[in-house]
Every structure is written in structure tokens, then in C-alpha cells.
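So this one's start.cif, mmCIF, C-alpha atoms:
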```
data_my_file
#
loop_
_atom_site.group_PDB
_atom_site.id
_atom_site.type_symbol
_atom_site.label_atom_id
_atom_site.label_comp_id
_atom_site.auth_asym_id
_atom_site.auth_seq_id
_atom_site.Cartn_x
_atom_site.Cartn_y
_atom_site.Cartn_z
ATOM 1 C CA MET U 1 -63.179 0.495 5.292
ATOM 2 C CA LYS U 2 -60.775 2.553 3.186
ATOM 3 C CA LEU U 3 -61.514 5.379 0.755
ATOM 4 C CA ILE U 4 -58.985 6.333 -1.939
ATOM 5 C CA TRP U 5 -59.379 9.540 -3.958
ATOM 6 C CA HIS U 6 -58.138 9.343 -7.546
ATOM 7 C CA GLY U 7 -58.913 12.990 -8.326
ATOM 8 C CA HIS U 8 -61.989 14.848 -9.624
ATOM 9 C CA SER U 9 -65.009 12.778 -8.468
ATOM 10 C CA CYS U 10 -63.396 9.335 -8.694
ATOM 11 C CA PHE U 11 -63.078 7.367 -5.473
ATOM 12 C CA GLU U 12 -62.226 3.768 -4.731
ATOM 13 C CA LEU U 13 -64.029 2.262 -1.742
ATOM 14 C CA VAL U 14 -62.400 -0.838 -0.249
ATOM 15 C CA SER U 15 -64.313 -2.831 2.358
ATOM 16 C CA THR U 16 -64.464 -6.345 3.733
ATOM 17 C CA GLU U 17 -67.728 -6.719 1.781
ATOM 18 C CA GLY U 18 -66.284 -5.754 -1.581
ATOM 19 C CA THR U 19 -64.776 -2.887 -3.562
ATOM 20 C CA ALA U 20 -66.439 -0.179 -5.617
ATOM 21 C CA VAL U 21 -65.236 2.653 -7.849
ATOM 22 C CA PHE U 22 -67.300 5.828 -8.123
ATOM 23 C CA ASP U 23 -67.276 8.004 -11.255
ATOM 24 C CA PRO U 24 -64.091 6.983 -13.136
ATOM 25 C CA TYR U 25 -62.969 9.535 -15.731
ATOM 26 C CA ALA U 26 -61.713 9.003 -19.280
ATOM 27 C CA PRO U 27 -58.148 9.753 -20.436
ATOM 28 C CA GLY U 28 -57.740 13.441 -21.212
ATOM 29 C CA SER U 29 -61.128 14.401 -19.772
ATOM 30 C CA VAL U 30 -59.865 16.188 -16.646
ATOM 31 C CA PRO U 31 -56.934 18.601 -16.993
ATOM 32 C CA GLY U 32 -53.895 17.564 -14.965
ATOM 33 C CA LEU U 33 -55.212 14.130 -13.982
ATOM 34 C CA ARG U 34 -54.661 10.611 -15.252
ATOM 35 C CA LEU U 35 -56.584 7.711 -13.784
ATOM 36 C CA PRO U 36 -54.635 4.504 -13.080
ATOM 37 C CA ARG U 37 -56.052 1.174 -14.124
ATOM 38 C CA LEU U 38 -58.376 0.037 -11.340
ATOM 39 C CA GLN U 39 -59.992 -3.236 -10.327
ATOM 40 C CA ALA U 40 -63.208 -3.549 -8.342
ATOM 41 C CA ASP U 41 -66.311 -5.608 -7.759
ATOM 42 C CA ALA U 42 -68.607 -2.785 -8.941
ATOM 43 C CA VAL U 43 -68.481 0.497 -10.848
ATOM 44 C CA LEU U 44 -70.999 3.176 -9.872
ATOM 45 C CA CYS U 45 -71.399 6.085 -12.308
ATOM 46 C CA SER U 46 -73.574 9.062 -11.425
ATOM 47 C CA HIS U 47 -74.023 9.839 -15.142
ATOM 48 C CA TYR U 48 -72.182 9.133 -18.370
ATOM 49 C CA HIS U 49 -70.254 12.275 -19.247
ATOM 50 C CA ARG U 50 -66.630 11.369 -20.006
ATOM 51 C CA ASP U 51 -65.304 12.755 -16.735
ATOM 52 C CA HIS U 52 -67.653 10.570 -14.648
ATOM 53 C CA GLY U 53 -68.809 7.562 -16.636
ATOM 54 C CA TYR U 54 -65.703 5.887 -18.058
ATOM 55 C CA ALA U 55 -66.444 2.437 -16.685
ATOM 56 C CA GLU U 56 -63.830 0.975 -19.044
ATOM 57 C CA ALA U 57 -61.153 2.240 -16.644
ATOM 58 C CA VAL U 58 -62.166 -0.441 -14.142
ATOM 59 C CA THR U 59 -61.587 -4.172 -14.517
ATOM 60 C CA LEU U 60 -64.440 -6.004 -12.825
ATOM 61 C CA SER U 61 -63.492 -8.906 -10.594
ATOM 62 C CA GLY U 62 -66.567 -10.969 -11.410
ATOM 63 C CA ARG U 63 -67.322 -11.325 -7.705
ATOM 64 C CA THR U 64 -70.704 -10.387 -6.273
ATOM 65 C CA PRO U 65 -70.107 -7.765 -3.565
ATOM 66 C CA GLY U 66 -71.716 -8.120 -0.184
ATOM 67 C CA PHE U 67 -72.498 -4.423 0.198
ATOM 68 C CA THR U 68 -75.813 -2.856 -0.761
ATOM 69 C CA VAL U 69 -76.328 0.141 -3.043
ATOM 70 C CA GLU U 70 -79.187 2.619 -2.853
ATOM 71 C CA ARG U 71 -79.784 5.116 -5.663
ATOM 72 C CA ILE U 72 -81.486 8.496 -5.417
ATOM 73 C CA PRO U 73 -82.384 10.097 -8.768
ATOM 74 C CA CYS U 74 -81.717 13.819 -9.106
ATOM 75 C CA PHE U 75 -80.408 16.266 -11.712
ATOM 76 C CA HIS U 76 -77.159 17.634 -13.113
ATOM 77 C CA ASP U 77 -78.523 21.189 -13.070
ATOM 78 C CA GLU U 78 -81.056 23.395 -11.303
ATOM 79 C CA LYS U 79 -83.565 23.142 -14.175
ATOM 80 C CA ARG U 80 -84.549 19.498 -13.678
ATOM 81 C CA GLY U 81 -81.967 18.224 -16.125
ATOM 82 C CA SER U 82 -82.905 20.395 -19.091
ATOM 83 C CA LEU U 83 -79.344 21.772 -19.263
ATOM 84 C CA ARG U 84 -77.123 18.763 -18.480
ATOM 85 C CA GLY U 85 -79.384 15.793 -17.865
ATOM 86 C CA LYS U 86 -79.935 13.480 -14.929
ATOM 87 C CA ASN U 87 -77.665 12.531 -12.041
ATOM 88 C CA VAL U 88 -77.752 9.644 -9.578
ATOM 89 C CA ILE U 89 -76.667 9.695 -5.933
ATOM 90 C CA HIS U 90 -75.183 6.359 -4.862
ATOM 91 C CA ILE U 91 -75.238 5.225 -1.237
ATOM 92 C CA VAL U 92 -73.103 2.192 -0.425
ATOM 93 C CA LYS U 93 -73.714 0.391 2.858
ATOM 94 C CA ALA U 94 -70.890 -1.862 4.017
ATOM 95 C CA GLU U 95 -69.391 -2.817 7.370
ATOM 96 C CA GLY U 96 -72.335 -1.074 9.027
ATOM 97 C CA LEU U 97 -71.335 2.272 7.467
ATOM 98 C CA ARG U 98 -73.096 4.373 4.815
ATOM 99 C CA VAL U 99 -71.075 6.202 2.143
ATOM 100 C CA ALA U 100 -72.917 8.663 -0.118
ATOM 101 C CA HIS U 101 -71.458 9.931 -3.411
ATOM 102 C CA LEU U 102 -73.461 12.840 -4.833
ATOM 103 C CA GLY U 103 -71.994 12.714 -8.357
ATOM 104 C CA ASP U 104 -72.487 15.893 -10.379
ATOM 105 C CA LEU U 105 -75.379 17.164 -8.300
ATOM 106 C CA GLY U 106 -76.585 20.457 -9.722
ATOM 107 C CA HIS U 107 -79.237 21.590 -7.234
ATOM 108 C CA MET U 108 -80.161 21.706 -3.573
ATOM 109 C CA LEU U 109 -81.840 18.483 -2.520
ATOM 110 C CA SER U 110 -85.541 18.456 -1.708
ATOM 111 C CA GLN U 111 -86.745 17.540 1.755
ATOM 112 C CA GLU U 112 -87.803 14.137 0.444
ATOM 113 C CA GLN U 113 -84.366 13.527 -1.054
ATOM 114 C CA LEU U 114 -82.688 14.646 2.176
ATOM 115 C CA GLU U 115 -84.797 12.199 4.137
ATOM 116 C CA ARG U 116 -83.823 9.371 1.788
ATOM 117 C CA LEU U 117 -80.169 10.323 2.055
ATOM 118 C CA GLY U 118 -80.323 10.429 5.834
ATOM 119 C CA LYS U 119 -77.142 11.092 7.799
ATOM 120 C CA PRO U 120 -74.357 9.065 6.154
ATOM 121 C CA ASP U 121 -71.076 8.279 7.811
ATOM 122 C CA LEU U 122 -69.278 9.738 4.794
ATOM 123 C CA LEU U 123 -70.525 12.323 2.288
ATOM 124 C CA LEU U 124 -68.659 12.930 -0.997
ATOM 125 C CA ILE U 125 -69.900 16.273 -2.295
ATOM 126 C CA PRO U 126 -69.093 18.409 -5.376
ATOM 127 C CA VAL U 127 -68.160 21.984 -4.506
ATOM 128 C CA GLY U 128 -66.695 23.626 -7.632
ATOM 129 C CA GLY U 129 -69.774 25.167 -9.200
ATOM 130 C CA HIS U 130 -70.429 25.861 -12.903
ATOM 131 C CA TYR U 131 -71.194 22.202 -13.718
ATOM 132 C CA THR U 132 -72.379 21.327 -10.200
ATOM 133 C CA ILE U 133 -73.604 23.052 -7.071
ATOM 134 C CA ASP U 134 -71.273 25.831 -6.025
ATOM 135 C CA ALA U 135 -69.404 26.225 -2.753
ATOM 136 C CA GLN U 136 -72.180 28.190 -1.063
ATOM 137 C CA THR U 137 -74.863 25.621 -1.934
ATOM 138 C CA ALA U 138 -72.504 22.750 -1.075
ATOM 139 C CA ALA U 139 -71.881 24.231 2.382
ATOM 140 C CA LYS U 140 -75.619 24.654 2.943
ATOM 141 C CA LEU U 141 -76.268 21.091 1.795
ATOM 142 C CA ALA U 142 -73.413 19.619 3.850
ATOM 143 C CA ARG U 143 -74.814 21.245 6.980
ATOM 144 C CA ALA U 144 -78.332 20.032 6.156
ATOM 145 C CA VAL U 145 -77.111 16.453 5.680
ATOM 146 C CA GLY U 146 -74.898 16.451 8.769
ATOM 147 C CA ALA U 147 -72.711 13.519 7.742
ATOM 148 C CA ARG U 148 -70.108 12.397 10.252
ATOM 149 C CA VAL U 149 -67.340 13.063 7.701
ATOM 150 C CA THR U 150 -67.639 15.250 4.597
ATOM 151 C CA VAL U 151 -65.103 15.103 1.751
ATOM 152 C CA PRO U 152 -65.267 17.726 -1.042
ATOM 153 C CA MET U 153 -64.669 16.784 -4.687
ATOM 154 C CA HIS U 154 -64.993 18.204 -8.223
ATOM 155 C CA TYR U 155 -63.006 21.393 -7.711
ATOM 156 C CA ARG U 156 -59.951 23.093 -9.212
ATOM 157 C CA GLY U 157 -56.500 22.752 -7.685
ATOM 158 C CA ALA U 158 -53.211 24.397 -8.578
ATOM 159 C CA THR U 159 -52.300 21.635 -11.038
ATOM 160 C CA PHE U 160 -55.602 19.980 -11.903
ATOM 161 C CA GLY U 161 -59.261 20.591 -12.713
ATOM 162 C CA TYR U 162 -61.286 22.767 -15.028
ATOM 163 C CA ALA U 163 -60.419 26.458 -15.167
ATOM 164 C CA GLU U 164 -64.063 27.513 -14.899
ATOM 165 C CA ILE U 165 -64.792 25.806 -11.570
ATOM 166 C CA GLY U 166 -63.934 27.027 -8.093
ATOM 167 C CA THR U 167 -61.263 25.952 -5.622
ATOM 168 C CA VAL U 168 -61.802 23.860 -2.520
ATOM 169 C CA GLU U 169 -61.030 26.913 -0.380
ATOM 170 C CA ASP U 170 -64.257 28.494 -1.651
ATOM 171 C CA PHE U 171 -65.988 25.656 0.210
ATOM 172 C CA THR U 172 -63.774 25.162 3.251
ATOM 173 C CA GLU U 173 -63.879 28.839 4.224
ATOM 174 C CA ARG U 174 -67.615 28.336 4.745
ATOM 175 C CA MET U 175 -67.171 25.250 6.951
ATOM 176 C CA GLU U 176 -66.057 24.948 10.548
ATOM 177 C CA ASN U 177 -62.535 23.646 11.215
ATOM 178 C CA PRO U 178 -61.804 21.828 7.931
ATOM 179 C CA ARG U 179 -58.768 19.559 7.926
ATOM 180 C CA PHE U 180 -56.336 19.152 5.022
ATOM 181 C CA ALA U 181 -54.894 15.647 4.797
ATOM 182 C CA ASP U 182 -51.427 14.869 3.435
ATOM 183 C CA THR U 183 -52.705 11.734 1.700
ATOM 184 C CA ASN U 184 -55.434 10.678 -0.720
ATOM 185 C CA VAL U 185 -56.461 7.768 1.547
ATOM 186 C CA LEU U 186 -58.985 7.903 4.364
ATOM 187 C CA ASP U 187 -59.952 5.280 6.946
ATOM 188 C CA VAL U 188 -63.700 5.819 7.090
ATOM 189 C CA ALA U 189 -64.338 4.289 10.516
ATOM 190 C CA GLU U 190 -61.344 5.897 12.240
ATOM 191 C CA THR U 191 -61.595 9.435 10.827
ATOM 192 C CA GLU U 192 -62.658 12.117 13.286
ATOM 193 C CA PRO U 193 -65.912 13.950 12.463
ATOM 194 C CA GLY U 194 -65.791 17.022 10.256
ATOM 195 C CA VAL U 195 -64.701 18.188 6.812
ATOM 196 C CA VAL U 196 -61.604 16.468 5.421
ATOM 197 C CA VAL U 197 -59.876 17.607 2.226
ATOM 198 C CA LEU U 198 -57.892 14.766 0.730
ATOM 199 C CA ARG U 199 -54.642 15.385 -1.141
ATOM 200 C CA CYS U 200 -55.062 14.987 -4.885
ATOM 201 C CA PRO U 201 -52.775 12.205 -6.189
ATOM 202 C CA GLY U 202 -49.762 13.647 -7.973
ATOM 203 C CA GLU U 203 -50.223 17.126 -6.477
ATOM 204 C CA ASN U 204 -46.956 18.864 -5.613
ATOM 205 C CA GLU U 205 -44.929 15.800 -6.560
#
```
What's the C-alpha cells form of this structure?
Amino acid sequence: MKLIWHGHSCFELVSTEGTAVFDPYAPGSVPGLRLPRLQADAVLCSHYHRDHGYAEAVTLSGRTPGFTVERIPCFHDEKRGSLRGKNVIHIVKAEGLRVAHLGDLGHMLSQEQLERLGKPDLLLIPVGGHYTIDAQTAAKLARAVGARVTVPMHYRGATFGYAEIGTVEDFTERMENPRFADTNVLDVAETEPGVVVLRCPGENE
């Protein structure tokens, strides 16, 4: 199973049981980023703000994927959605592995939600704050979940992201032995446990 980060919260998951794209963003919606045209068997959007719900960026294959998808309803803010609406956590199970994408989660998960989430093999978690949970809450949540591999998303880099959100270092300095990859691609099964920061496509090129 291969995971490809396309910047912000958009990931492409490629497995023997099908392909999925999480949270594709619209042209001009994320400073410094441009999403390539993608093709997949499924598009999974946590909500429909332009920087997460631009399903038009993905050409659907028409194939029925063999993976399963579980959805956990939650909120985009800490006031039960009254500020920014609802959010959906997607959990894809393929090749015997579970991949959880938290979308624009805006609050700490309840015990019931944590139990439903379980301990995924891969956790994709927002860390930038302002629109989502901040680095401190993300670190607390990542430890509570205890995924084998945790990949941060939705943060500001030197050449991309919203000015009002935090950097990935705000998160990694709170985590034990984070690793910074030199690529935006991750082999889910072969990656060693821990926090892995993928390289944003186009960064420093």
C-alpha cells in the first residue's frame, strides 16, 4: 500500500484493493499549492469547504473498490459545529491495514469516538490550529490514538499554507523522535513506527 501526499490535507492511497483520494482542494484555495489531475476509484471528502471538498479534481475510474470505508461523524470546531460545521473521519481498510484521515477535526475526540477509531496502522492528523485542532491538541490526540505511523497535515510551510495556521514543527517538537522524509510518498506497510513528516510536493524545488 502506498500513500502519496499532494499537500494540505489531500492524500492519494494506492492499494491492491483500489485507490482513494482524501480531501482534494480547489484551484487557488491553498496558497502555494496546485493539485494535479488525479484518478481514483473513490473520493473521500471530510467536508465540502473548497480546500477539502473539490471532488471535481479526481476522475473516477468507474471501478468498485475492494476496500471498506468506515465513517465517524465529528465537528470542524470545538462548539459542535456551530462555527464551521460538521466533519467526517474516514477509515479505509485495505490489504489488512487501517488508514484513518481525520479531515478538519476541530476538537479532541470523545472516548466513544476514540474507541471507534481504534489503533490504525496510519493516522493522518491536522496540526496547524486556527481552523483545526492545534499542535498541542494534535499531540495529545496522536498519543491517545497510538497509531503505528502518524503523518501530520494541514499546516504552514515556508512556501505553502495559510498564514494564520502553525508550522509542523509546532507539532513535532511535542512528539518523540519525529522523522522528516525527503519524499511525499510513503509505503504504509514498510514504514517504521512513529511520526513521519512527508515532504510537500514542490517544496524547495
- Apply the PyMOL selection byres ((chain U and resi 85-99) around 8) to the structure shown and report the selected residues as an NGL selection string. :U and (1 or 15-17 or 44-47 or 66-77 or 80-84 or 100-105 or 117 or 120-124 or 189)
- For the file shown, report as a PyMOL selection string the outcome of the PyMOL selection byres ((chain U and resi 55) around 10) at residue level. chain U and resi 21-26+38+42-45+48+50+52-54+56-60
Any chance you could export the current selection's C-alpha atoms as a compact mmCIF listing (two decimals), in the frame of the given file?
```txt
# COMPACT_ATOMS: atom_id res chain seq x y z
CA VAL U 21 -65.24 2.65 -7.85
CA PHE U 22 -67.30 5.83 -8.12
CA ASP U 23 -67.28 8.00 -11.26
CA PRO U 24 -64.09 6.98 -13.14
CA TYR U 25 -62.97 9.54 -15.73
CA ALA U 26 -61.71 9.00 -19.28
CA LEU U 38 -58.38 0.04 -11.34
CA ALA U 42 -68.61 -2.78 -8.94
CA VAL U 43 -68.48 0.50 -10.85
CA LEU U 44 -71.00 3.18 -9.87
CA CYS U 45 -71.40 6.08 -12.31
CA TYR U 48 -72.18 9.13 -18.37
CA ARG U 50 -66.63 11.37 -20.01
CA HIS U 52 -67.65 10.57 -14.65
CA GLY U 53 -68.81 7.56 -16.64
CA TYR U 54 -65.70 5.89 -18.06
CA GLU U 56 -63.83 0.98 -19.04
CA ALA U 57 -61.15 2.24 -16.64
CA VAL U 58 -62.17 -0.44 -14.14
CA THR U 59 -61.59 -4.17 -14.52
CA LEU U 60 -64.44 -6.00 -12.82
```
- Min atom-atom distance to U:Ala135 from the set U:Asn177, U:Thr167, U:Thr19, U:Asn184, counting only C-alpha atoms, belongs to U:Thr167
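Interatomic distance, atom CA of U:Glu115 against atom CA of U:Arg148: 15.9 Å.
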- Query: Which is closer to U:His49 than all the others in U:Phe180, U:Phe160, U:Tyr155, U:Tyr131, using all atoms listed in the file?
  - Reply: U:Tyr131
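Closest approach to U:Pro178 from the set U:Thr159, U:Gln111, U:Thr150, U:Thr137 is made by U:Thr150, with distances taken over all atoms listed in the file.
Distances to U:His6 were evaluated for U:Pro27, U:Pro36, U:Gly194, U:Gly18 using all atoms listed in the file, and the minimum falls at U:Pro36.
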- atom CA of U:Asp51 to atom CA of U:Ile125: how many Å, to one decimal? 15.6 Å
- List the residues matched by the PyMOL selection byres ((chain U and resi 145) around 9) in the displayed structure as a ChimeraX atom specification, ordered by chain and then by residue number. /U:114-115,117-120,123,140-144,146-147
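Across the structure, atom CA of U:Arg37 and atom CA of U:Thr191 are spaced 26.9 Å apart.
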Missing atoms in stretch 158-173 of chain U: fill them in up to N, CA, C and O atoms and send the result as a CSV table (one decimal), in the coordinates of the input.
```csv
chain,number,residue,atom,x,y,z
U,158,ALA,N,-54.3,23.6,-7.9
U,158,ALA,CA,-53.2,24.4,-8.6
U,158,ALA,C,-52.8,23.7,-9.9
U,158,ALA,O,-52.3,24.4,-10.8
U,159,THR,N,-52.8,22.4,-9.9
U,159,THR,CA,-52.3,21.6,-11.0
U,159,THR,C,-53.3,20.8,-11.7
U,159,THR,O,-53.0,20.0,-12.6
U,160,PHE,N,-54.6,20.9,-11.3
U,160,PHE,CA,-55.6,20.0,-11.9
U,160,PHE,C,-57.0,20.7,-11.9
U,160,PHE,O,-57.2,21.6,-11.2
U,161,GLY,N,-57.9,20.1,-12.7
U,161,GLY,CA,-59.3,20.6,-12.7
U,161,GLY,C,-59.6,21.6,-13.8
U,161,GLY,O,-58.7,22.2,-14.4
U,162,TYR,N,-60.8,21.8,-14.0
U,162,TYR,CA,-61.3,22.8,-15.0
U,162,TYR,C,-61.1,24.2,-14.6
U,162,TYR,O,-61.4,24.6,-13.4
U,163,ALA,N,-60.7,25.1,-15.5
U,163,ALA,CA,-60.4,26.5,-15.2
U,163,ALA,C,-61.7,27.2,-14.7
U,163,ALA,O,-61.6,28.2,-13.9
U,164,GLU,N,-62.8,26.8,-15.2
U,164,GLU,CA,-64.1,27.5,-14.9
U,164,GLU,C,-64.7,27.2,-13.6
U,164,GLU,O,-65.7,27.8,-13.2
U,165,ILE,N,-64.2,26.2,-12.9
U,165,ILE,CA,-64.8,25.8,-11.6
U,165,ILE,C,-64.0,26.4,-10.4
U,165,ILE,O,-62.8,26.8,-10.6
U,166,GLY,N,-64.6,26.4,-9.2
U,166,GLY,CA,-63.9,27.0,-8.1
U,166,GLY,C,-62.9,26.1,-7.4
U,166,GLY,O,-62.8,24.9,-7.7
U,167,THR,N,-62.2,26.7,-6.4
U,167,THR,CA,-61.3,26.0,-5.6
U,167,THR,C,-61.9,25.4,-4.4
U,167,THR,O,-63.0,25.8,-4.0
U,168,VAL,N,-61.2,24.5,-3.7
U,168,VAL,CA,-61.8,23.9,-2.5
U,168,VAL,C,-61.9,24.9,-1.4
U,168,VAL,O,-62.7,24.8,-0.5
U,169,GLU,N,-61.0,25.9,-1.4
U,169,GLU,CA,-61.0,26.9,-0.4
U,169,GLU,C,-62.3,27.7,-0.4
U,169,GLU,O,-62.8,28.2,0.7
U,170,ASP,N,-63.0,27.8,-1.6
U,170,ASP,CA,-64.3,28.5,-1.7
U,170,ASP,C,-65.3,27.8,-0.8
U,170,ASP,O,-66.2,28.4,-0.2
U,171,PHE,N,-65.1,26.5,-0.6
U,171,PHE,CA,-66.0,25.7,0.2
U,171,PHE,C,-65.5,25.6,1.7
U,171,PHE,O,-66.3,25.9,2.6
U,172,THR,N,-64.2,25.3,1.9
U,172,THR,CA,-63.8,25.2,3.3
U,172,THR,C,-63.9,26.4,4.1
U,172,THR,O,-64.0,26.4,5.3
U,173,GLU,N,-63.8,27.6,3.5
U,173,GLU,CA,-63.9,28.8,4.2
U,173,GLU,C,-65.3,29.0,4.8
U,173,GLU,O,-65.5,29.8,5.7
```
